[in-house]
Structures are given as structure tokens and as C-alpha cells.
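Coordinates as given in target_31.cif (mmCIF, C-alpha atoms):
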```
data_data
#
loop_
_atom_site.label_atom_id
_atom_site.label_comp_id
_atom_site.auth_asym_id
_atom_site.auth_seq_id
_atom_site.Cartn_x
_atom_site.Cartn_y
_atom_site.Cartn_z
CA MET A 1 26.04 -8.05 35.06
CA VAL A 2 25.05 -5.55 32.39
CA SER A 3 23.27 -7.01 29.39
CA SER A 4 23.84 -5.66 25.92
CA VAL A 5 20.81 -4.20 24.19
CA GLU A 6 20.65 -4.56 20.42
CA ASN A 7 19.75 -1.61 18.19
CA LYS A 8 20.23 1.14 20.79
CA THR A 9 20.53 3.94 18.24
CA PRO A 10 17.47 2.92 16.18
CA PHE A 11 15.46 2.60 19.40
CA LEU A 12 16.47 6.09 20.55
CA LEU A 13 15.63 7.55 17.14
CA CYS A 14 12.25 5.79 17.18
CA LEU A 15 11.64 6.92 20.76
CA ILE A 16 12.30 10.57 19.94
CA GLY A 17 10.39 10.31 16.66
CA GLY A 18 7.44 8.65 18.39
CA ILE A 19 7.31 11.32 21.07
CA LEU A 20 7.34 14.02 18.39
CA LEU A 21 4.62 12.26 16.40
CA PHE A 22 2.51 11.89 19.55
CA GLN A 23 2.98 15.58 20.34
CA ALA A 24 2.10 16.57 16.78
CA GLY A 25 -1.04 14.45 16.85
CA TRP A 26 -2.08 15.86 20.21
CA THR A 27 -1.46 19.49 19.27
CA GLY A 28 -3.01 19.16 15.83
CA SER A 29 -6.19 17.57 17.17
CA LEU A 30 -6.99 20.59 19.35
CA GLY A 31 -8.20 22.54 16.30
CA ILE A 32 -10.86 19.96 15.57
CA LEU A 33 -13.09 21.32 18.34
CA SER A 34 -13.84 24.50 16.36
CA TYR A 35 -14.63 22.35 13.32
CA LEU A 36 -17.14 20.30 15.32
CA ALA A 37 -18.86 23.48 16.45
CA LEU A 38 -19.20 24.61 12.81
CA ILE A 39 -20.70 21.30 11.68
CA GLN A 40 -23.47 21.49 14.28
CA THR A 41 -24.69 24.79 12.81
CA ILE A 42 -25.43 23.32 9.35
CA PRO A 43 -29.12 22.25 9.25
CA GLU A 44 -28.61 19.75 6.42
CA LEU A 45 -26.10 17.81 8.51
CA ALA A 46 -28.16 17.77 11.71
CA ASP A 47 -29.06 14.09 11.30
CA PHE A 48 -25.46 13.09 10.66
CA VAL A 49 -23.65 15.13 13.31
CA TRP A 50 -22.99 12.14 15.56
CA ILE A 51 -21.43 10.17 12.68
CA ILE A 52 -19.27 13.11 11.61
CA ASN A 53 -18.20 13.74 15.20
CA ALA A 54 -17.14 10.11 15.64
CA LEU A 55 -15.17 10.12 12.38
CA LEU A 56 -13.41 13.37 13.19
CA TYR A 57 -12.41 12.18 16.65
CA ILE A 58 -10.99 9.00 15.14
CA LEU A 59 -9.01 10.97 12.58
CA ALA A 60 -7.81 13.41 15.23
CA ILE A 61 -6.12 10.73 17.33
CA MET A 62 -4.57 8.74 14.46
CA ALA A 63 -1.25 10.57 14.54
CA ALA A 64 -0.97 10.26 18.32
CA ILE A 65 -1.63 6.52 18.18
CA GLY A 66 0.97 6.24 15.45
CA GLY A 67 3.53 7.86 17.75
CA VAL A 68 2.85 5.30 20.46
CA GLY A 69 3.13 2.52 17.87
CA VAL A 70 6.50 3.82 16.71
CA ILE A 71 7.80 3.73 20.29
CA ALA A 72 6.47 0.18 20.73
CA GLY A 73 8.09 -0.89 17.46
CA GLY A 74 11.38 0.63 18.56
CA TYR A 75 11.20 -1.36 21.78
CA VAL A 76 10.59 -4.56 19.81
CA LEU A 77 13.77 -3.78 17.83
CA THR A 78 15.79 -3.92 21.05
CA ARG A 79 14.54 -7.44 21.76
CA GLY A 80 16.10 -8.86 18.59
CA ARG A 81 12.85 -9.03 16.62
CA VAL A 82 13.99 -6.71 13.83
CA THR A 83 11.48 -7.80 11.18
CA THR A 84 8.55 -7.52 13.58
CA GLY A 85 9.81 -4.18 14.89
CA LYS A 86 10.19 -2.78 11.38
CA LEU A 87 6.68 -3.95 10.52
CA VAL A 88 5.16 -2.31 13.61
CA ILE A 89 7.10 0.90 12.94
CA GLY A 90 6.01 0.91 9.28
CA VAL A 91 2.33 0.49 10.11
CA ALA A 92 2.44 3.09 12.90
CA LEU A 93 4.34 5.52 10.69
CA GLY A 94 1.77 5.09 7.93
CA ILE A 95 -1.02 5.85 10.39
CA SER A 96 0.84 8.94 11.59
CA ILE A 97 1.45 10.22 8.07
CA VAL A 98 -2.22 9.81 7.13
CA GLY A 99 -3.30 11.54 10.34
CA LEU A 100 -0.90 14.45 9.83
CA VAL A 101 -1.93 14.93 6.19
CA ILE A 102 -5.60 14.97 7.19
CA GLN A 103 -4.85 17.49 9.95
CA LEU A 104 -2.95 19.70 7.51
CA ALA A 105 -5.80 19.56 4.98
CA GLN A 106 -8.36 20.34 7.67
CA TRP A 107 -6.22 23.20 8.97
CA LEU A 108 -5.84 24.75 5.52
CA TRP A 109 -9.54 24.28 4.72
CA LEU A 110 -10.74 25.89 7.95
CA TYR A 111 -8.31 28.77 8.20
CA GLY A 112 -7.08 29.26 4.64
CA ALA A 113 -3.59 29.54 3.23
CA THR A 114 -2.83 32.53 5.44
CA SER A 115 -2.89 30.21 8.44
CA VAL A 116 0.60 29.01 7.52
CA VAL A 117 1.97 31.61 9.94
CA ASP A 118 -0.08 30.16 12.79
CA PHE A 119 2.55 29.26 15.38
CA PHE A 120 0.87 26.24 16.99
CA GLY A 121 -0.16 24.65 13.73
CA LEU A 122 3.25 25.23 12.21
CA THR A 123 4.91 23.76 15.29
CA ALA A 124 2.69 20.67 15.16
CA GLU A 125 3.40 20.06 11.48
CA ALA A 126 7.15 20.68 11.90
CA THR A 127 7.47 18.32 14.86
CA GLY A 128 5.44 15.73 12.97
CA CYS A 129 7.77 15.97 9.97
CA ILE A 130 10.86 15.76 12.18
CA GLY A 131 9.33 12.75 13.94
CA ILE A 132 8.68 11.05 10.60
CA VAL A 133 12.27 11.63 9.43
CA LEU A 134 13.79 10.40 12.71
CA THR A 135 11.60 7.31 12.65
CA LEU A 136 12.52 6.52 9.05
CA VAL A 137 16.23 6.87 9.86
CA GLY A 138 15.87 4.67 12.95
CA ARG A 139 13.95 2.04 11.04
CA SER A 140 16.49 1.94 8.25
CA ARG A 141 19.44 1.65 10.69
CA ALA A 142 17.97 -1.33 12.52
CA SER A 143 19.81 -4.57 11.87
#
```
Just give me the structure as C-alpha cells.
Amino acid sequence: MVSSVENKTPFLLCLIGGILLFQAGWTGSLGILSYLALIQTIPELADFVWIINALLYILAIMAAIGGVGVIAGGYVLTRGRVTTGKLVIGVALGISIVGLVIQLAQWLWLYGATSVVDFFGLTAEATGCIGIVLTLVGRSRAS
């Protein structure tokens, strides 16, 4: 006996969007290692390097965690808990958007406006934006 799953299309959109957000967070966080190396060379920040490192690592994984949260929220949608699923997706999407904006700002600050042609950074930001759009469409189609 095959059981019917509610909200198949929103779940698939959230699944794909979450995977893209996770990939964007993972790819975008690779550039943070060069930033950490630069911070350690500033003598005035020598006492605060461990705090800055911890904060930057937290910010670097925010978008990836948001992608996992979007997938979890999409799964909750299939179990008939639409309000809870939409809430989980909204929170996770907000975390992902903040993480991607911070990564974009860090990327532009470190490498300048000419870094827009950087293939990996551009790919990470594009997949993140596509993931955000797919997640928003999936969340809005859930009923």
C-alpha cells in the first residue's frame, strides 16, 4: 500500500534549495582561511585573535546550517505540519541570507570589486541566490 505524501512539490523545491544553500555556504566559507591568516599579522589584534577566529568560523557556517534547516523544514511540510514547516524554513532561510550577505561583504572587502569575476565566489553567490528563490517558492506553495 502506497501512502500519499502531502506537499511533494514544496518539499522537492526546499530540498533542492537547501542543497544549494548548503553548497553556497560551504564554498563561500573556504575564503575565510585567508582572512584568518591576515588577522593574525596585525599586532593590535593579537590579544583578540581567538575571539575573532571564533566569530568568523560561526559566521562562515551560518549559510550551510541554514541549508540543512531548509531541508528539515521541507520534510516537516510532508508530515502535514505546514505551519511548523514554514516557520522552520523561514528561520533557516533568514540564517542563510544573513550568512550569504556577510560572505559577500567579506569577499568584496578582501578582494575588491574586481573579484566579481572570480569563478568560485560567483558560483557560490549564484547558487545561494537560486537556493533562496527555490526555497521561497516552495514555502509559498505549501498548503
Quiz item: What lies within 12 Å of Gly73 of chain A using all atoms listed in the file, ignoring chain neighbours under 3 positions off, as a PyMOL selection string?
Solution: chain A and resi 7+10-15+17-18+66-70+76-93+135+138-139+142
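Rounded to one decimal, atom CA of Phe22 of chain A and atom CA of Val137 of chain A lie 17.5 Å from each other.
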Exercise. Could you check how far atom CA of Leu55 of chain A sits from atom CA of Gly25 of chain A, in Å to one decimal?
Key: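 Computed distance, atom CA of Leu55 of chain A to atom CA of Gly25 of chain A, equals 15.4 Å.
Atom pair atom CA of Ile16 of chain A / atom CA of Leu108 of chain A has a distance of 27.2 Å (rounded to one decimal).
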Quiz item: For Gly94 of chain A, which of A:Glu125, A:Ile51, A:Gln106, A:Leu21 is the closest residue, counting all atoms listed in the file?
Solution: A:Leu21
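The residue that comes closest to Leu134 of chain A, out of A:Gly99, A:Gly74, A:Gly112, A:Pro43 and on the basis of only C-alpha atoms, is A:Gly74.
The closest residue to Ile130 of chain A, picked from A:Ala72, A:Ala105, A:Ile97, A:Thr9 and counting all atoms listed in the file, is A:Ile97.
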